[in-house]
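**Q** Data: target33.txt, compact mmCIF, C-alpha atoms.
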```txt
# COMPACT_ATOMS: atom_id res chain seq x y z
CA MET B 1 59.99 7.47 -7.90
CA LYS B 2 59.39 9.74 -10.88
CA ASN B 3 63.12 9.71 -11.68
CA ALA B 4 63.24 5.91 -11.38
CA LYS B 5 60.37 5.52 -13.86
CA HIS B 6 61.97 8.09 -16.15
CA SER B 7 65.22 6.10 -15.99
CA LEU B 8 63.39 2.87 -16.84
CA HIS B 9 61.79 4.38 -19.93
CA THR B 10 65.15 5.85 -20.91
CA ILE B 11 66.95 2.57 -20.35
CA ALA B 12 64.27 0.62 -22.25
CA ALA B 13 64.70 2.93 -25.23
CA LEU B 14 68.50 2.78 -25.09
CA LEU B 15 68.54 -1.00 -24.74
CA SER B 16 66.06 -1.42 -27.59
CA GLU B 17 68.28 0.76 -29.75
CA ALA B 18 71.48 -1.08 -28.79
CA LEU B 19 70.17 -4.67 -28.78
CA GLY B 20 67.06 -4.55 -30.92
CA GLU B 21 63.44 -4.32 -29.87
CA ASN B 22 63.01 -8.10 -29.97
CA ARG B 23 65.42 -8.45 -27.00
CA VAL B 24 63.68 -5.95 -24.74
CA CYS B 25 60.25 -6.69 -23.28
CA LEU B 26 57.82 -4.48 -21.38
CA ASP B 27 54.75 -6.71 -21.81
CA PRO B 28 53.23 -7.22 -18.32
CA GLU B 29 52.01 -10.72 -19.18
CA ILE B 30 55.50 -11.85 -20.16
CA LEU B 31 57.11 -9.95 -17.27
CA SER B 32 54.87 -11.82 -14.82
CA THR B 33 56.52 -15.11 -15.86
CA TYR B 34 59.85 -13.64 -14.71
CA ALA B 35 58.48 -12.48 -11.34
CA THR B 36 59.27 -15.69 -9.49
CA ASP B 37 61.40 -18.80 -9.53
CA GLU B 38 60.73 -22.27 -8.10
CA SER B 39 60.70 -20.83 -4.55
CA ALA B 40 57.03 -19.88 -5.12
CA ASP B 41 56.90 -17.93 -1.84
CA LEU B 42 58.65 -14.91 -3.29
CA ARG B 43 57.22 -12.87 -6.16
CA ALA B 44 58.13 -9.43 -7.50
CA MET B 45 57.47 -7.96 -10.93
CA PRO B 46 60.40 -6.79 -13.02
CA ASP B 47 60.02 -3.48 -14.82
CA LEU B 48 61.79 -4.73 -17.91
CA LEU B 49 63.11 -7.97 -19.39
CA VAL B 50 66.20 -8.21 -21.56
CA ARG B 51 67.11 -11.46 -23.30
CA ALA B 52 70.89 -11.48 -23.78
CA ALA B 53 72.36 -13.48 -26.65
CA ASP B 54 76.04 -13.05 -25.79
CA SER B 55 78.52 -11.40 -23.44
CA ARG B 56 78.38 -8.12 -25.39
CA ASP B 57 74.67 -7.90 -24.63
CA VAL B 58 75.39 -8.48 -20.95
CA GLN B 59 78.05 -5.74 -21.00
CA THR B 60 75.65 -3.31 -22.66
CA VAL B 61 72.87 -3.99 -20.15
CA LEU B 62 75.16 -3.69 -17.14
CA ARG B 63 76.83 -0.51 -18.41
CA LEU B 64 73.55 1.27 -19.11
CA CYS B 65 71.81 0.08 -15.96
CA ASN B 66 74.78 1.14 -13.86
CA GLN B 67 74.77 4.55 -15.53
CA TYR B 68 71.06 5.05 -14.76
CA ARG B 69 71.23 3.26 -11.39
CA VAL B 70 68.66 0.64 -12.40
CA PRO B 71 68.88 -2.70 -10.56
CA VAL B 72 69.70 -5.80 -12.62
CA VAL B 73 68.79 -9.37 -11.68
CA PRO B 74 70.50 -12.05 -13.79
CA ARG B 75 68.39 -15.13 -14.49
CA GLY B 76 69.14 -18.46 -16.09
CA ALA B 77 66.27 -20.92 -16.39
CA GLY B 78 64.52 -19.72 -13.23
CA THR B 79 64.72 -23.13 -11.57
CA GLY B 80 66.38 -21.88 -8.39
CA VAL B 81 64.61 -22.40 -5.09
CA THR B 82 66.07 -19.53 -3.06
CA GLY B 83 64.57 -16.48 -4.79
CA GLY B 84 67.88 -15.40 -6.30
CA ALA B 85 66.30 -14.68 -9.69
CA VAL B 86 63.36 -12.70 -8.25
CA PRO B 87 63.62 -8.93 -8.88
CA ILE B 88 62.58 -7.82 -5.39
CA ARG B 89 63.52 -4.20 -6.19
CA GLY B 90 62.11 -4.21 -9.70
CA GLY B 91 64.44 -3.10 -12.44
CA VAL B 92 65.74 -5.27 -15.24
CA VAL B 93 65.67 -9.05 -15.33
CA LEU B 94 68.61 -10.02 -17.50
CA SER B 95 67.68 -13.38 -18.99
CA LEU B 96 70.69 -15.52 -19.82
CA GLU B 97 68.65 -18.49 -21.03
CA LYS B 98 69.68 -17.97 -24.68
CA MET B 99 73.35 -18.16 -23.65
CA ASN B 100 73.17 -21.93 -23.39
CA ARG B 101 76.22 -23.32 -25.19
CA ILE B 102 78.77 -25.73 -23.77
CA LEU B 103 82.00 -24.16 -24.97
CA GLU B 104 84.47 -26.82 -23.89
CA ILE B 105 84.71 -30.05 -21.98
CA ASP B 106 88.35 -30.56 -21.02
CA ARG B 107 88.52 -34.21 -19.98
CA GLU B 108 92.20 -34.08 -18.99
CA ASN B 109 91.72 -31.21 -16.53
CA MET B 110 88.13 -32.19 -15.65
CA VAL B 111 86.84 -28.71 -16.47
CA ALA B 112 83.77 -27.64 -18.39
CA VAL B 113 83.42 -24.13 -19.76
CA VAL B 114 79.78 -23.23 -20.26
CA GLU B 115 77.61 -20.20 -20.81
CA PRO B 116 75.34 -19.24 -17.90
CA GLY B 117 72.12 -20.54 -19.48
CA VAL B 118 73.29 -24.16 -19.77
CA ILE B 119 70.82 -26.45 -18.04
CA THR B 120 72.41 -28.87 -15.59
CA GLY B 121 70.75 -31.92 -17.17
CA VAL B 122 72.24 -31.06 -20.56
CA LEU B 123 75.69 -30.60 -19.04
CA GLN B 124 75.40 -33.90 -17.17
CA ARG B 125 74.49 -35.72 -20.40
CA GLU B 126 77.43 -34.19 -22.31
CA VAL B 127 80.07 -34.86 -19.65
CA ARG B 128 78.74 -38.43 -19.23
CA ALA B 129 79.44 -38.95 -22.93
CA GLU B 130 83.07 -38.04 -22.11
CA GLY B 131 83.20 -40.60 -19.29
CA LEU B 132 82.87 -37.89 -16.62
CA MET B 133 80.13 -36.71 -14.28
CA TYR B 134 79.00 -33.33 -13.03
CA PRO B 135 78.09 -33.58 -9.34
CA PRO B 136 76.07 -30.39 -8.67
CA ASP B 137 75.06 -29.18 -5.25
CA PRO B 138 71.54 -30.65 -4.80
CA ALA B 139 70.30 -27.26 -3.59
CA SER B 140 71.67 -25.31 -6.55
```
Would you give me this structure, written as structure tokens?
**A**
Amino acid sequence: MKNAKHSLHTIAALLSEALGENRVCLDPEILSTYATDESADLRAMPDLLVRAADSRDVQTVLRLCNQYRVPVVPRGAGTGVTGGAVPIRGGVVLSLEKMNRILEIDRENMVAVVEPGVITGVLQREVRAEGLMYPPDPAS
């Protein structure tokens, strides 16, 4: 456990240096809001929160966490109901909520290219404006 905690402090410092301190959070009060999703039955505190702004941030987090063998749990808006965004082994919660742009709606091919933080309701509204619909899995 001592090595794991050492790795977390190391990774927090490296991530703060690479991404900026405003993207890395160790505040227990804020971390507690990332300890669960809508499943409510499952709760586990992350050791660290990183708010990615783009794919380069994601690459940096994954590279460093892999190097130091720190678990990473990606998280969008935290509205899932299966516990997929809950960091049951601690580590880093990689928030993708700021990556929320719709990059393309290709009406001809019926394809939307979006960043991982796009909220389904926003996507539905935008594709509806194109005369399309996005039929998500109701359990997603």
**Q** For a cutoff of 7 Å around the file-coordinate point (79.7, -30.4, -19.2), which residues qualify once you count only C-alpha atoms? I'd like the result as a list of chain:residue names.
**A** B:Ile102, B:Ile105, B:Ala112, B:Leu123, B:Gln124, B:Glu126, B:Val127, B:Tyr134
**Q** What separation in Å, quoted to one decimal, exists between atom CA of Asp54 of chain B and atom CA of Val122 of chain B?
**A** 19.1 Å
**Q** Kindly assemble as JSON lines a list of the segment 53-98 of chain B residues that lie within 10 Å of segment 18-29 of chain B, each paired with its nearest atom pair and their distance in Å to one decimal, using only C-alpha atoms, sorted first by chain and then by ascending residue number.
**A**
```
{"residue": "B:Ala53", "atom": "CA", "partner": "B:Arg23", "partner_atom": "CA", "distance": 8.6}
{"residue": "B:Arg56", "atom": "CA", "partner": "B:Leu19", "partner_atom": "CA", "distance": 9.5}
{"residue": "B:Asp57", "atom": "CA", "partner": "B:Leu19", "partner_atom": "CA", "distance": 6.9}
{"residue": "B:Thr60", "atom": "CA", "partner": "B:Ala18", "partner_atom": "CA", "distance": 7.7}
{"residue": "B:Val61", "atom": "CA", "partner": "B:Leu19", "partner_atom": "CA", "distance": 9.1}
{"residue": "B:Val92", "atom": "CA", "partner": "B:Val24", "partner_atom": "CA", "distance": 9.7}
{"residue": "B:Val93", "atom": "CA", "partner": "B:Cys25", "partner_atom": "CA", "distance": 9.9}
{"residue": "B:Leu94", "atom": "CA", "partner": "B:Val24", "partner_atom": "CA", "distance": 9.7}
{"residue": "B:Ser95", "atom": "CA", "partner": "B:Arg23", "partner_atom": "CA", "distance": 9.7}
```
**Q** Would you work out the distance separating atom CA of Tyr34 of chain B from atom CA of Pro135 of chain B, expressed in Å to one decimal?
**A**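 Computing it gives 27.6 Å between the two atoms.
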**Q** In Å, rounded to a single decimal, give me how far atom CA of Gly91 of chain B is from atom CA of Tyr68 of chain B.
**A** 10.8 Å
**Q** Looking at B:Thr120, B:Arg51, B:Leu14, B:His9, which one is nearest to Gly80 of chain B, with distances taken over only C-alpha atoms?
**A**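 Once distances to Gly80 of chain B are computed over only C-alpha atoms, the minimum belongs to B:Thr120.
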**Q** Pull the neighbourhood of (57.1, -10.3, -10.8) for me: all residues within 12 Å in file coordinates, counting all atoms listed in the file, as number ranges by chain.
**A** B: 27-37, 40-49, 73, 83, 85-93
**Q** Which residues come within 10 Å of Ile119 of chain B, counting only C-alpha atoms, excluding same-chain residues fewer than 6 positions away, as a ChimeraX atom specification?
**A** /B:76-77,79,97,100-102
**Q** Return the single residue from B:Cys65, B:Asp106, B:Gly121, B:Val70 that is closest to Pro136 of chain B, with distances computed using only C-alpha atoms.
**A**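 Nearest to Pro136 of chain B: B:Gly121.
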